[in-house]
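Okay, run-v1.csv now, which holds CSV, C-alpha atoms:
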```
chain,number,residue,atom,x,y,z
I,1,MET,CA,-40.5,133.7,109.3
I,2,ALA,CA,-42.0,133.2,105.8
I,3,ALA,CA,-42.1,136.1,103.5
I,4,PRO,CA,-45.6,137.2,102.5
I,5,ASN,CA,-46.7,136.1,99.1
I,6,ARG,CA,-48.0,139.6,98.4
I,7,ALA,CA,-46.9,143.0,99.5
I,8,GLU,CA,-50.1,144.1,101.2
I,9,PRO,CA,-48.9,144.0,104.9
I,10,LEU,CA,-45.8,145.9,104.0
I,11,ALA,CA,-47.2,148.4,101.4
I,12,ARG,CA,-47.8,151.3,103.8
I,13,ARG,CA,-44.4,150.7,105.5
I,14,HIS,CA,-42.8,150.6,102.1
I,15,ARG,CA,-44.4,153.8,101.0
I,16,HIS,CA,-43.4,155.6,104.2
I,17,ALA,CA,-40.0,153.8,104.8
I,18,TRP,CA,-37.9,157.0,105.2
I,19,LEU,CA,-40.5,158.6,107.4
I,20,LEU,CA,-40.6,155.5,109.6
I,21,ALA,CA,-36.8,155.5,109.8
I,22,THR,CA,-36.7,159.2,110.7
I,23,LEU,CA,-39.4,158.9,113.3
I,24,THR,CA,-37.7,156.0,114.9
I,25,GLU,CA,-34.4,158.0,115.0
I,26,LEU,CA,-36.2,161.0,116.5
I,27,ILE,CA,-37.7,158.8,119.2
I,28,GLY,CA,-34.2,157.6,120.2
I,29,ASP,CA,-32.7,161.1,119.8
I,30,CYS,CA,-35.4,162.6,122.1
I,31,ALA,CA,-34.5,160.0,124.7
I,32,ARG,CA,-30.8,160.7,124.4
I,33,ALA,CA,-31.3,164.5,124.5
I,34,ALA,CA,-33.5,164.2,127.6
I,35,GLY,CA,-30.9,161.9,129.2
I,36,GLU,CA,-28.3,164.6,128.6
I,37,VAL,CA,-30.4,166.8,130.9
I,38,TYR,CA,-31.3,164.2,133.5
I,39,ARG,CA,-27.9,162.5,133.8
I,40,PRO,CA,-26.0,165.4,135.3
I,41,VAL,CA,-28.7,165.9,137.9
I,42,ALA,CA,-28.7,162.2,138.8
I,43,GLU,CA,-24.9,162.3,139.1
I,44,THR,CA,-24.9,165.3,141.5
I,45,PRO,CA,-25.5,165.1,145.2
I,46,PRO,CA,-29.1,166.0,146.0
I,47,THR,CA,-28.0,168.9,148.2
I,48,ARG,CA,-26.6,170.7,145.2
I,49,LEU,CA,-29.1,172.8,143.3
I,50,ASP,CA,-26.7,174.4,140.9
I,51,VAL,CA,-26.2,171.6,138.3
I,52,ALA,CA,-24.7,172.5,135.0
I,53,VAL,CA,-26.8,171.0,132.2
I,54,ASP,CA,-26.0,171.1,128.5
I,55,LEU,CA,-29.2,172.0,126.6
I,56,GLY,CA,-27.3,172.0,123.2
I,57,PRO,CA,-28.4,168.5,122.1
I,58,LEU,CA,-32.0,169.2,123.1
I,59,VAL,CA,-32.2,172.5,121.3
I,60,GLY,CA,-30.4,171.1,118.3
I,61,LEU,CA,-32.9,168.3,118.1
I,62,CYS,CA,-35.8,170.6,118.3
I,63,ARG,CA,-34.5,172.8,115.6
I,64,SER,CA,-33.7,170.0,113.2
I,65,ALA,CA,-36.7,167.7,113.7
I,66,GLY,CA,-39.1,169.4,111.2
I,67,THR,CA,-36.4,169.5,108.5
I,68,ARG,CA,-35.6,165.9,109.1
I,69,VAL,CA,-39.3,164.9,108.8
I,70,GLU,CA,-39.7,166.9,105.6
I,71,ALA,CA,-36.6,165.4,104.1
I,72,ALA,CA,-37.9,161.9,104.9
I,73,ARG,CA,-41.2,162.6,103.2
I,74,ALA,CA,-39.4,164.0,100.1
I,75,ARG,CA,-37.2,160.9,100.0
I,76,ASP,CA,-40.3,158.7,100.2
I,77,ALA,CA,-42.0,160.7,97.4
I,78,VAL,CA,-39.0,160.2,95.2
I,79,ARG,CA,-38.7,156.5,96.2
I,80,CYS,CA,-42.3,155.8,95.4
I,81,ALA,CA,-43.2,158.4,92.8
I,82,SER,CA,-46.6,156.9,92.0
I,83,THR,CA,-47.8,157.2,95.6
I,84,GLU,CA,-48.2,160.9,95.9
I,85,LYS,CA,-50.4,161.6,98.9
I,86,GLU,CA,-53.9,162.4,97.9
I,87,ALA,CA,-55.3,165.4,99.8
I,88,VAL,CA,-58.4,164.9,101.9
I,89,SER,CA,-60.5,167.6,100.4
I,90,VAL,CA,-63.3,168.6,102.7
I,91,ARG,CA,-62.9,167.2,106.2
I,92,THR,CA,-59.3,167.3,107.4
I,93,ASP,CA,-60.2,166.1,110.9
I,94,VAL,CA,-60.6,162.4,109.8
I,95,GLY,CA,-57.0,161.7,110.9
I,96,ALA,CA,-57.5,163.3,114.3
I,97,ASP,CA,-60.8,161.4,114.8
I,98,PHE,CA,-59.0,158.1,113.9
I,99,LEU,CA,-56.2,158.8,116.4
I,100,ALA,CA,-58.8,159.6,119.2
I,101,ASP,CA,-60.6,156.3,118.4
I,102,LEU,CA,-57.3,154.4,118.2
I,103,VAL,CA,-56.3,155.4,121.7
I,104,GLU,CA,-59.7,154.2,123.0
I,105,SER,CA,-60.0,151.0,120.9
I,106,PRO,CA,-57.7,150.1,118.1
I,107,ALA,CA,-60.2,147.5,116.7
I,108,GLN,CA,-63.0,150.1,116.7
I,109,ALA,CA,-60.7,152.7,115.1
I,110,VAL,CA,-59.9,150.3,112.2
I,111,ARG,CA,-63.6,149.4,111.8
I,112,GLY,CA,-64.5,153.1,111.8
I,113,ALA,CA,-61.9,153.9,109.1
I,114,GLN,CA,-63.2,151.1,107.0
I,115,GLU,CA,-66.8,152.2,107.4
I,116,LEU,CA,-66.0,155.8,106.6
I,117,ALA,CA,-64.0,154.7,103.5
I,118,SER,CA,-66.9,152.6,102.3
I,119,THR,CA,-69.4,155.5,102.6
I,120,SER,CA,-67.4,158.6,101.7
I,121,GLU,CA,-64.9,160.0,99.3
I,122,TYR,CA,-62.0,159.0,101.6
I,123,THR,CA,-60.0,155.9,101.3
I,124,VAL,CA,-58.6,154.0,104.3
I,125,ASN,CA,-55.1,155.0,103.1
I,126,GLN,CA,-56.1,158.7,103.2
I,127,ILE,CA,-57.5,158.4,106.6
I,128,LEU,CA,-54.4,156.6,107.9
I,129,ASP,CA,-52.1,159.1,106.2
I,130,GLU,CA,-54.0,162.0,107.8
I,131,ALA,CA,-53.8,160.3,111.2
I,132,ALA,CA,-50.1,159.7,110.8
I,133,ASP,CA,-49.6,163.4,109.7
I,134,SER,CA,-51.6,164.6,112.7
I,135,ALA,CA,-49.5,162.5,115.1
I,136,VAL,CA,-46.2,163.7,113.5
I,137,LEU,CA,-47.4,167.3,113.7
I,138,SER,CA,-48.3,166.9,117.3
I,139,GLY,CA,-44.8,165.6,118.0
I,140,LEU,CA,-43.1,168.4,116.2
I,141,LEU,CA,-45.3,170.9,118.0
I,142,ALA,CA,-44.2,169.4,121.3
I,143,LEU,CA,-40.6,169.7,120.3
I,144,HIS,CA,-41.2,173.3,119.4
I,145,GLU,CA,-42.5,173.9,122.9
I,146,VAL,CA,-39.3,172.5,124.4
I,147,GLN,CA,-37.5,175.8,123.7
I,148,ARG,CA,-40.3,177.7,125.6
I,149,GLN,CA,-39.8,175.8,128.9
I,150,SER,CA,-38.3,177.7,131.8
I,151,SER,CA,-36.3,174.8,133.3
I,152,PRO,CA,-34.1,172.1,131.8
I,153,GLY,CA,-36.2,169.4,133.4
I,154,ALA,CA,-39.4,170.7,131.9
I,155,ALA,CA,-37.8,171.0,128.5
I,156,ALA,CA,-36.6,167.4,128.8
I,157,ALA,CA,-40.0,166.2,129.8
I,158,LYS,CA,-41.6,168.0,126.9
I,159,CYS,CA,-39.1,166.4,124.6
I,160,LEU,CA,-40.0,163.0,125.9
I,161,ALA,CA,-43.7,163.8,125.4
I,162,ALA,CA,-43.0,164.3,121.7
I,163,THR,CA,-41.9,160.6,121.5
I,164,GLY,CA,-45.4,159.4,122.3
I,165,HIS,CA,-46.7,161.3,119.3
I,166,PHE,CA,-43.9,159.9,117.1
I,167,VAL,CA,-44.6,156.3,118.4
I,168,LEU,CA,-48.3,156.8,117.5
I,169,ALA,CA,-47.4,157.9,114.0
I,170,VAL,CA,-45.2,154.8,113.6
I,171,SER,CA,-48.0,152.6,114.8
I,172,VAL,CA,-50.5,154.2,112.3
I,173,ILE,CA,-48.1,153.9,109.4
I,174,SER,CA,-47.5,150.2,110.3
I,175,LEU,CA,-51.2,149.3,110.5
I,176,ASP,CA,-52.2,146.4,108.3
I,177,VAL,CA,-55.8,147.2,107.3
I,178,PRO,CA,-57.2,145.2,104.5
I,179,ALA,CA,-59.0,148.1,102.9
I,180,ALA,CA,-55.7,150.1,103.0
I,181,VAL,CA,-54.0,147.8,100.5
I,182,PRO,CA,-52.5,150.1,97.8
I,183,GLU,CA,-53.2,149.8,94.2
I,184,ALA,CA,-50.7,147.9,92.0
I,185,SER,CA,-49.1,151.3,91.0
I,186,ASP,CA,-48.0,151.9,94.6
I,187,CYS,CA,-44.4,151.2,95.6
I,188,TYR,CA,-43.7,147.7,96.8
I,189,ALA,CA,-40.0,147.5,96.5
I,190,ALA,CA,-37.8,148.0,99.5
```

Could I get this structure in the form of structure tokens?
Amino acid sequence: MAAPNRAEPLARRHRHAWLLATLTELIGDCARAAGEVYRPVAETPPTRLDVAVDLGPLVGLCRSAGTRVEAARARDAVRCASTEKEAVSVRTDVGADFLADLVESPAQAVRGAQELASTSEYTVNQILDEAADSAVLSGLLALHEVQRQSSPGAAAAKCLAATGHFVLAVSVISLDVPAAVPEASDCYAA
């Protein structure tokens, strides 16, 4: 595979490299923690209802996920100091709108973001950053709900539901949208 002659396709991934790595790890950790709940049930005869399940990994994951995400964002900020996230000032639902459109039609979502960026104070990068933040927050909220579940199976299912939000965030961060090409001051180095 030939290396791109410019950094455009990788720029967003480079600016959010630690967040991408952390979200990917969280996806795997959620699957492993849920597996720790489901495996003992699968290994026990179906006639037994009193299966001992260790919720420690699941609870630990839920408690550490937010801190891990914030640490990743901080590392990305240090790594690419010139790419501080610009706040979307007036309408903070642009990210959520993009995610809703993305689920329906990815091509339409990208076109919508480009159109909004061409006619408003938002850049495509701001829209995509808000969308990624919204997906990450939804995943963290799902993990927070894990501890409120009354059964281990429900807790494991809620944990697995968080992975969908994290996968969506990874997808948004990885989007290659021409209007999302960062300025030359953004971080291109790996």

Would you list the residues near (-58.9, 152.9, 118.0), meaning any protein, DNA or RNA residue with an atom at most 12 Å from that point in file coordinates, counting all atoms listed in the file, as a PyMOL selection string? chain I and resi 95-114+128+131+168+171-172+175

Enter the distance from atom CA of I:Arg12 to atom CA of I:Asp29, in Å, rounded to one decimal. 24.1 Å

For the point (-39.3, 162.2, 122.3) in file coordinates, what residues are within 9 Å, counting all atoms listed in the file? Give the answer as JSON, numbers by chain? {"I": [26, 27, 28, 29, 30, 31, 32, 33, 34, 139, 142, 143, 156, 157, 158, 159, 160, 161, 162, 163, 164, 165, 166, 167]}

Given only C-alpha atoms as the basis, pick out the residue of I:Ala52, I:Val59, I:Leu141, I:Ala132 nearest to I:Ser174. I:Ala132

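Taking atom CA of I:Leu19 and atom CA of I:Ala72 as endpoints, the distance between them is 4.9 Å.
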
I'd like the neighbourhood of I:Asp50 as a PyMOL selection string, where a residue qualifies if any of its atoms comes within 12 Å (using all atoms listed in the file), though same-chain residues fewer than 4 positions away should be ignored. chain I and resi 40-41+44-46+152

Next, dump the selected residues to file, keeping only C-alpha atoms, as a PDB file, in the frame of the given file.
```
ATOM      1  CA  PRO I  40     -26.000 165.400 135.300  1.00  0.00           C
ATOM      2  CA  VAL I  41     -28.700 165.900 137.900  1.00  0.00           C
ATOM      3  CA  THR I  44     -24.900 165.300 141.500  1.00  0.00           C
ATOM      4  CA  PRO I  45     -25.500 165.100 145.200  1.00  0.00           C
ATOM      5  CA  PRO I  46     -29.100 166.000 146.000  1.00  0.00           C
ATOM      6  CA  PRO I 152     -34.100 172.100 131.800  1.00  0.00           C
TER       7      PRO I 152
END
```

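The smallest atom-to-atom distance between I:Arg75 and any of I:Glu145, I:Ala135, I:Ala169, I:His16, using all atoms listed in the file, is found for I:His16.
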
Using all atoms listed in the file: which of I:Leu61, I:Val170, I:Leu116, I:Ala77 has the shortest distance to I:His144: I:Leu61

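With atom CA of I:Val51 on one side and atom CA of I:Tyr38 on the other, the separation reads 10.2 Å.
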